[in-house]
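Asks: Structure provided below as structure tokens; questions to follow.
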Amino acid sequence: MHDENATPTPDGAPPEESAAGTSTPGDGRSRRAVLRTAGLAGAGLGVGAFAGGAAHAGTPAAASTGAAAEDAGQTPARKGRTMIGVPFQRRSTVRVGIVGLGNRGGSMIDLFLAIPGVRVVALCDPVKEKAAAAAKKVTAAGQPAPATYTKGEHDYENLCRRGDIDFVYAATPWDSHFAICKSAMLGGKHVGVECPLAMRLDELWELVDLSERTRRHCMQLENCCYGKNEMRVLRMAHAGKFGRLLHGAGAYNHDLRGLMFDPDYYEGPWRRLWHTRLRGDLYPNHGFGPVANYMDVNRGDRVTHISSFGTPALGLAEYREAHMPAGDPSWKETYIESDRTISLVQTAKGRVIRLEHDVSTPHPYSRVNSLGGTKGVFEDYPARVYLEPDHTDDKWADFSEYADFDHWLWKEHADPPGGHGGMDYIMIFRLMQTMRLGLVPDFDVYDAATWTAPVPLSHLSIKAKGAPQAIPDFTRGLWERERPGVDSPKPKPDA
């Protein structure tokens with residue numbers, strides 16, 4: 001008898017198992033272990049060659065993975081079949097396991113519980129109180145009590161071994177994303193992770209290879225791709241309103257100084273400690289993902305090189321001097337992360353994407369979110385547009401004039417619940433919809449790796465005084481194929 005809730009196998013191939021099962025998460029790093037040692041100046045844990053060496057050195061595993069970025073032609077041989085166009089197996093109920101129940105995971109669970117046909121089966125967090133609070137939300141929603149995994153930093157491995165989970169969602173500190181994704185896929189689960197996907201280039205390649213071998217999707221859950229403005233611009237671009245596309249820009253300019261020095265908000269605090277390890281763009285996905293969608297990156301175009309430049313690292317030290325008492329652990333830290341990183345990304349079609357990252361200086365929140373072509377331009381924050389032949393007076397026009405281009409998801413969910421203006425709900429609703437209906441996901445592991453690649457490569461470029469770094473073709477030549485993405489067609493009623 002066919003079990004529609006059996007562990008999904010899109011093409012009928014069983015997931016591969018490692019010789020050691022899933023007991024060893026990547027390189028064995030734990031969140032607490034990272035936090036204990038990363039306070040040393042320039043610790044660079046899990047960064048490998050990024051903490052030193054020539055800009056073209058790639059990663060510690062470059063020799064075995066072929067992940068060195070000096071030449072885009074050094075693409076490792078495919079170890080499995082592509083995951084492009086691979087649909088989920090249809091199921092009436094999507095069974096979810098959630099790893100990480102802090103600020104992000106503790107709020108996202110509400111959205112999973114609000115979507116029909118989704119059941120939260122298991123929860124994992126080393127802080128037992130967080131797991132207990134999340135479990136109460138599940139039972140309050142009328143679902144059976146979930147299993148909880150709270151025995152240390154690696155208990156997610158046991159969650160991933162369960163046979164009654166279809167999808168693992170991870171909202172944990174960045175250094176753990178790679179290991180959780182790996183454990184989930186080896187355990188036969190599809191996995192979605194908060195950004196960034198991983199912190200090293202060799203890890204990105206390993207996740208691409210593992211997704212292809214296990215036939216499990218590994219996705220970057222980039223909520224900004226589902227923002228109302230972003231989806232409207234995407235559909236306008238595909239309708240030709242901007243003409244032939246030339247340039248775009250995206251950013252994460254968000255003053256996080258207060259939160260990064262809050263001992264409770266970022267536990268450890270893990271996020272601030274990354275400013276002692278890398279100099280590049282630590283968080284490119286929010287700005288890069290939407291612009292990559294506008295330009296059909298991995299769907300007819302691809303990004304080829306990145307050149308990055310960084311300012312001195314002054315903001316966090318000045319904030320510490322003004323706000324932190326003598327003897328605070330932060331005084332042992334030496335910050336090297338550029339206060340503002342600016343990167344220029346080139347595409348195969350000659351387009352240019354500008355990326356910015358600044359979380360260390362006073363600045364109103366902005367993702368920049370801009371797109372320009374031969375017929376006009378859009379700029380966000382505030383949203384404004386100028387398009388020919390609609391406008392001829394060299395003055396910005398009201399973006400609301402183009403509400404007819406809103407994506408069908410926003411027309412169906414005009415007032416979605418949840419944070420970030422509703423984009424979180426739209427993203428989760430759409431992902432769960434594709435899993436329930438057996439559709440191809442809107443994005444895949446190739447998008448996840450591409451949107452995250454600026455993390456290590458911008459660091460290397462800054463160290464090399466802006467020298468271009470090749471961005472690998474994670475699709476291995478399949479980027480030229482046009483295919484749907486976030487601008488997805490509405491499923492038919494009988495789908």
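Within each chain, counting starts at residue 1; across the structure tokens, chains are named A, B, ... in the order shown, with ligands numbered 1 upward in that order.
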Give me, as an NGL selection string, all polymer residues having an atom no more than 12 Å from A:Leu101, counting only C-alpha atoms and skipping those fewer than 5 positions away in the same chain.
Replies: :A and (106-110 or 122-135 or 137 or 148-150 or 169-173 or 267)
Asks: Write a file of the just-selected residues containing N, CA, C and O atoms, as an mmCIF file, in the first residue's frame.
Replies:
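The resulting part.cif:
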```
data_model
loop_
_atom_site.group_PDB
_atom_site.id
_atom_site.type_symbol
_atom_site.label_atom_id
_atom_site.label_comp_id
_atom_site.auth_asym_id
_atom_site.auth_seq_id
_atom_site.Cartn_x
_atom_site.Cartn_y
_atom_site.Cartn_z
ATOM 1 N N GLY A 106 11.373 30.277 17.592
ATOM 2 C CA GLY A 106 10.264 30.355 18.518
ATOM 3 C C GLY A 106 9.070 31.117 17.992
ATOM 4 O O GLY A 106 7.943 30.939 18.471
ATOM 5 N N SER A 107 9.312 31.973 16.992
ATOM 6 C CA SER A 107 8.198 32.700 16.370
ATOM 7 C C SER A 107 7.717 32.021 15.093
ATOM 8 O O SER A 107 6.514 32.032 14.792
ATOM 9 N N MET A 108 8.622 31.403 14.356
ATOM 10 C CA MET A 108 8.230 30.755 13.106
ATOM 11 C C MET A 108 7.344 29.537 13.338
ATOM 12 O O MET A 108 6.548 29.168 12.467
ATOM 13 N N ILE A 109 7.440 28.912 14.511
ATOM 14 C CA ILE A 109 6.593 27.759 14.787
ATOM 15 C C ILE A 109 5.120 28.144 14.703
ATOM 16 O O ILE A 109 4.271 27.349 14.295
ATOM 17 N N ASP A 110 4.796 29.395 15.053
ATOM 18 C CA ASP A 110 3.405 29.849 14.973
ATOM 19 C C ASP A 110 2.886 29.787 13.545
ATOM 20 O O ASP A 110 1.705 29.491 13.316
ATOM 21 N N ALA A 122 8.254 17.214 15.914
ATOM 22 C CA ALA A 122 9.385 17.165 16.840
ATOM 23 C C ALA A 122 10.043 18.535 16.944
ATOM 24 O O ALA A 122 10.058 19.315 15.981
ATOM 25 N N LEU A 123 10.615 18.807 18.124
ATOM 26 C CA LEU A 123 11.273 20.076 18.412
ATOM 27 C C LEU A 123 12.629 19.804 19.044
ATOM 28 O O LEU A 123 12.791 18.836 19.785
ATOM 29 N N CYS A 124 13.597 20.691 18.747
ATOM 30 C CA CYS A 124 14.937 20.500 19.296
ATOM 31 C C CYS A 124 15.544 21.838 19.696
ATOM 32 O O CYS A 124 15.567 22.779 18.890
ATOM 33 N N ASP A 125 16.015 21.918 20.931
ATOM 34 C CA ASP A 125 16.791 23.060 21.406
ATOM 35 C C ASP A 125 17.471 22.635 22.702
ATOM 36 O O ASP A 125 16.836 21.991 23.542
ATOM 37 N N PRO A 126 18.765 22.953 22.865
ATOM 38 C CA PRO A 126 19.441 22.553 24.105
ATOM 39 C C PRO A 126 18.906 23.259 25.339
ATOM 40 O O PRO A 126 19.164 22.808 26.461
ATOM 41 N N VAL A 127 18.177 24.358 25.150
ATOM 42 C CA VAL A 127 17.555 25.052 26.282
ATOM 43 C C VAL A 127 16.168 24.454 26.484
ATOM 44 O O VAL A 127 15.246 24.684 25.699
ATOM 45 N N LYS A 128 16.016 23.674 27.542
ATOM 46 C CA LYS A 128 14.782 22.920 27.751
ATOM 47 C C LYS A 128 13.559 23.815 27.873
ATOM 48 O O LYS A 128 12.465 23.452 27.426
ATOM 49 N N GLU A 129 13.728 24.997 28.461
ATOM 50 C CA GLU A 129 12.592 25.900 28.635
ATOM 51 C C GLU A 129 12.052 26.371 27.286
ATOM 52 O O GLU A 129 10.826 26.528 27.127
ATOM 53 N N LYS A 130 12.921 26.573 26.328
ATOM 54 C CA LYS A 130 12.472 27.003 25.004
ATOM 55 C C LYS A 130 11.698 25.882 24.313
ATOM 56 O O LYS A 130 10.678 26.127 23.666
ATOM 57 N N ALA A 131 12.191 24.663 24.446
ATOM 58 C CA ALA A 131 11.495 23.528 23.840
ATOM 59 C C ALA A 131 10.136 23.321 24.495
ATOM 60 O O ALA A 131 9.140 23.029 23.818
ATOM 61 N N ALA A 132 10.072 23.491 25.797
ATOM 62 C CA ALA A 132 8.806 23.304 26.499
ATOM 63 C C ALA A 132 7.786 24.360 26.091
ATOM 64 O O ALA A 132 6.600 24.053 25.884
ATOM 65 N N ALA A 133 8.232 25.607 25.951
ATOM 66 C CA ALA A 133 7.319 26.675 25.547
ATOM 67 C C ALA A 133 6.795 26.438 24.138
ATOM 68 O O ALA A 133 5.610 26.657 23.853
ATOM 69 N N ALA A 134 7.659 25.968 23.260
ATOM 70 C CA ALA A 134 7.232 25.685 21.889
ATOM 71 C C ALA A 134 6.276 24.505 21.854
ATOM 72 O O ALA A 134 5.305 24.493 21.083
ATOM 73 N N ALA A 135 6.531 23.503 22.668
ATOM 74 C CA ALA A 135 5.659 22.329 22.703
ATOM 75 C C ALA A 135 4.249 22.711 23.148
ATOM 76 O O ALA A 135 3.256 22.161 22.658
ATOM 77 N N LYS A 137 2.782 25.491 22.494
ATOM 78 C CA LYS A 137 2.132 26.094 21.334
ATOM 79 C C LYS A 137 1.529 25.014 20.430
ATOM 80 O O LYS A 137 0.452 25.190 19.863
ATOM 81 N N THR A 148 10.436 16.051 22.000
ATOM 82 C CA THR A 148 11.395 17.123 22.229
ATOM 83 C C THR A 148 12.798 16.537 22.394
ATOM 84 O O THR A 148 12.972 15.480 23.011
ATOM 85 N N TYR A 149 13.768 17.249 21.851
ATOM 86 C CA TYR A 149 15.172 16.837 21.895
ATOM 87 C C TYR A 149 15.972 17.969 22.516
ATOM 88 O O TYR A 149 16.171 19.021 21.902
ATOM 89 N N THR A 150 16.410 17.765 23.743
ATOM 90 C CA THR A 150 17.066 18.826 24.506
ATOM 91 C C THR A 150 18.382 18.373 25.133
ATOM 92 O O THR A 150 18.937 19.082 25.972
ATOM 93 N N TYR A 169 13.256 22.116 9.639
ATOM 94 C CA TYR A 169 13.479 23.565 9.582
ATOM 95 C C TYR A 169 14.493 23.931 10.655
ATOM 96 O O TYR A 169 14.346 23.545 11.817
ATOM 97 N N ALA A 170 15.547 24.677 10.273
ATOM 98 C CA ALA A 170 16.618 25.031 11.200
ATOM 99 C C ALA A 170 16.728 26.541 11.346
ATOM 100 O O ALA A 170 16.860 27.262 10.356
ATOM 101 N N ALA A 171 16.679 26.996 12.592
ATOM 102 C CA ALA A 171 16.865 28.414 12.908
ATOM 103 C C ALA A 171 17.839 28.492 14.074
ATOM 104 O O ALA A 171 17.446 28.679 15.229
ATOM 105 N N THR A 172 19.099 28.320 13.773
ATOM 106 C CA THR A 172 20.156 28.208 14.772
ATOM 107 C C THR A 172 21.306 29.135 14.400
ATOM 108 O O THR A 172 21.321 29.712 13.307
ATOM 109 N N PRO A 173 22.307 29.321 15.283
ATOM 110 C CA PRO A 173 23.476 30.117 14.903
ATOM 111 C C PRO A 173 24.119 29.605 13.621
ATOM 112 O O PRO A 173 24.090 28.417 13.310
ATOM 113 N N GLU A 267 22.481 34.637 21.875
ATOM 114 C CA GLU A 267 23.092 33.849 22.943
ATOM 115 C C GLU A 267 24.578 33.670 22.688
ATOM 116 O O GLU A 267 25.010 33.239 21.624
#
```
Asks: Please extract the residues of stretch 236-348 of chain A with a backbone DSSP assignment of helix (DSSP H, G or I) and present them as number ranges by chain.
Replies: A: 236-238, 257-260, 270-276, 285-294, 315-323, 329-332
Asks: Keeping only C-alpha atoms, write those residues as a PDB file, in the first residue's frame.
Replies:
```pdb
ATOM      1  CA  MET A 236       7.106  43.452 -13.543  1.00  0.00           C
ATOM      2  CA  ALA A 237      10.599  42.431 -14.623  1.00  0.00           C
ATOM      3  CA  HIS A 238       9.290  39.230 -16.189  1.00  0.00           C
ATOM      4  CA  ARG A 257      24.724  47.200  17.739  1.00  0.00           C
ATOM      5  CA  GLY A 258      22.350  47.154  20.696  1.00  0.00           C
ATOM      6  CA  LEU A 259      21.171  43.620  19.985  1.00  0.00           C
ATOM      7  CA  MET A 260      24.681  42.303  19.374  1.00  0.00           C
ATOM      8  CA  TRP A 270      27.301  34.351  18.736  1.00  0.00           C
ATOM      9  CA  ARG A 271      26.508  36.956  16.084  1.00  0.00           C
ATOM     10  CA  ARG A 272      28.876  39.616  17.418  1.00  0.00           C
ATOM     11  CA  LEU A 273      31.697  37.094  17.551  1.00  0.00           C
ATOM     12  CA  TRP A 274      31.590  36.649  13.787  1.00  0.00           C
ATOM     13  CA  HIS A 275      32.834  40.242  13.638  1.00  0.00           C
ATOM     14  CA  THR A 276      36.111  38.969  15.118  1.00  0.00           C
ATOM     15  CA  ASN A 285      21.103  36.687   1.262  1.00  0.00           C
ATOM     16  CA  HIS A 286      18.374  39.222   2.088  1.00  0.00           C
ATOM     17  CA  GLY A 287      19.591  41.582  -0.604  1.00  0.00           C
ATOM     18  CA  PHE A 288      21.086  39.111  -3.065  1.00  0.00           C
ATOM     19  CA  GLY A 289      18.215  36.624  -3.250  1.00  0.00           C
ATOM     20  CA  PRO A 290      15.532  38.995  -4.598  1.00  0.00           C
ATOM     21  CA  VAL A 291      17.848  40.632  -7.160  1.00  0.00           C
ATOM     22  CA  ALA A 292      19.064  37.214  -8.300  1.00  0.00           C
ATOM     23  CA  ASN A 293      15.417  36.318  -8.866  1.00  0.00           C
ATOM     24  CA  TYR A 294      14.796  39.477 -10.890  1.00  0.00           C
ATOM     25  CA  GLY A 315      31.543  50.927  14.921  1.00  0.00           C
ATOM     26  CA  LEU A 316      31.384  48.061  17.401  1.00  0.00           C
ATOM     27  CA  ALA A 317      34.455  49.213  19.318  1.00  0.00           C
ATOM     28  CA  GLU A 318      33.039  52.730  19.643  1.00  0.00           C
ATOM     29  CA  TYR A 319      29.677  51.358  20.783  1.00  0.00           C
ATOM     30  CA  ARG A 320      31.402  49.141  23.340  1.00  0.00           C
ATOM     31  CA  GLU A 321      33.366  52.093  24.718  1.00  0.00           C
ATOM     32  CA  ALA A 322      30.186  54.153  25.101  1.00  0.00           C
ATOM     33  CA  HIS A 323      27.883  51.473  26.506  1.00  0.00           C
ATOM     34  CA  PRO A 329      33.663  39.974  28.209  1.00  0.00           C
ATOM     35  CA  SER A 330      33.351  42.016  25.002  1.00  0.00           C
ATOM     36  CA  TRP A 331      36.476  43.988  25.949  1.00  0.00           C
ATOM     37  CA  LYS A 332      38.531  40.884  25.111  1.00  0.00           C
TER      38      LYS A 332
END
```
Asks: Between atom CA of A:Ile342 and atom CA of A:Glu356, measure the distance and give it in Å to one decimal.
Replies: 4.7 Å
Asks: Calculated over only C-alpha atoms, which of the candidates A:Arg235, A:Arg351, A:Thr341, A:Gly466 has the smallest distance to A:Val297?
Replies: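 Under the stated criterion, the closest residue is A:Arg351.
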Asks: Which one of A:Val191, A:Leu437, A:Met423, A:Ile180 sits closest to A:Glu230 if you count only C-alpha atoms?
Replies: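 Of A:Val191, A:Leu437, A:Met423, A:Ile180, the one nearest A:Glu230, counting only C-alpha atoms, is A:Met423.
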Asks: What is the atom CA of A:Arg279-atom CA of A:Phe474 distance in Å, reported with one decimal?
Replies: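 So the answer is 23.9 Å.
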Asks: Extract the full set of strand (DSSP E) residues from stretch 169-290 of chain A according to DSSP on the backbone, and format it as a list in words.
Replies: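 These are the residues in question: Tyr169, Ala170, His190, Val191, Gly192, Val193, Cys218, Met219, Gln220, Leu245, Leu246, His247, Gly248, Ala249, Gly250, Ala251, Tyr252 and Asn253 of chain A.
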Asks: Find the residues around A:Pro417 up to 12 Å (only C-alpha atoms counted), leave out those fewer than 2 positions away in its own chain, and share them as a PyMOL selection string.
Replies: chain A and resi 107-108+110-115+413-415+419-429
Asks: One decimal, Å: what's the distance from atom CA of A:Val445 over to atom CA of A:Ala184, could you say?
Replies: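 Value for the atom CA of A:Val445-atom CA of A:Ala184 distance: 13.7 Å.
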Asks: Using only C-alpha atoms, which of A:Val368, A:Ala313, A:Leu234, A:Val385 sits nearest A:Thr334?
Replies: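 Closest residue, counting only C-alpha atoms: A:Ala313.
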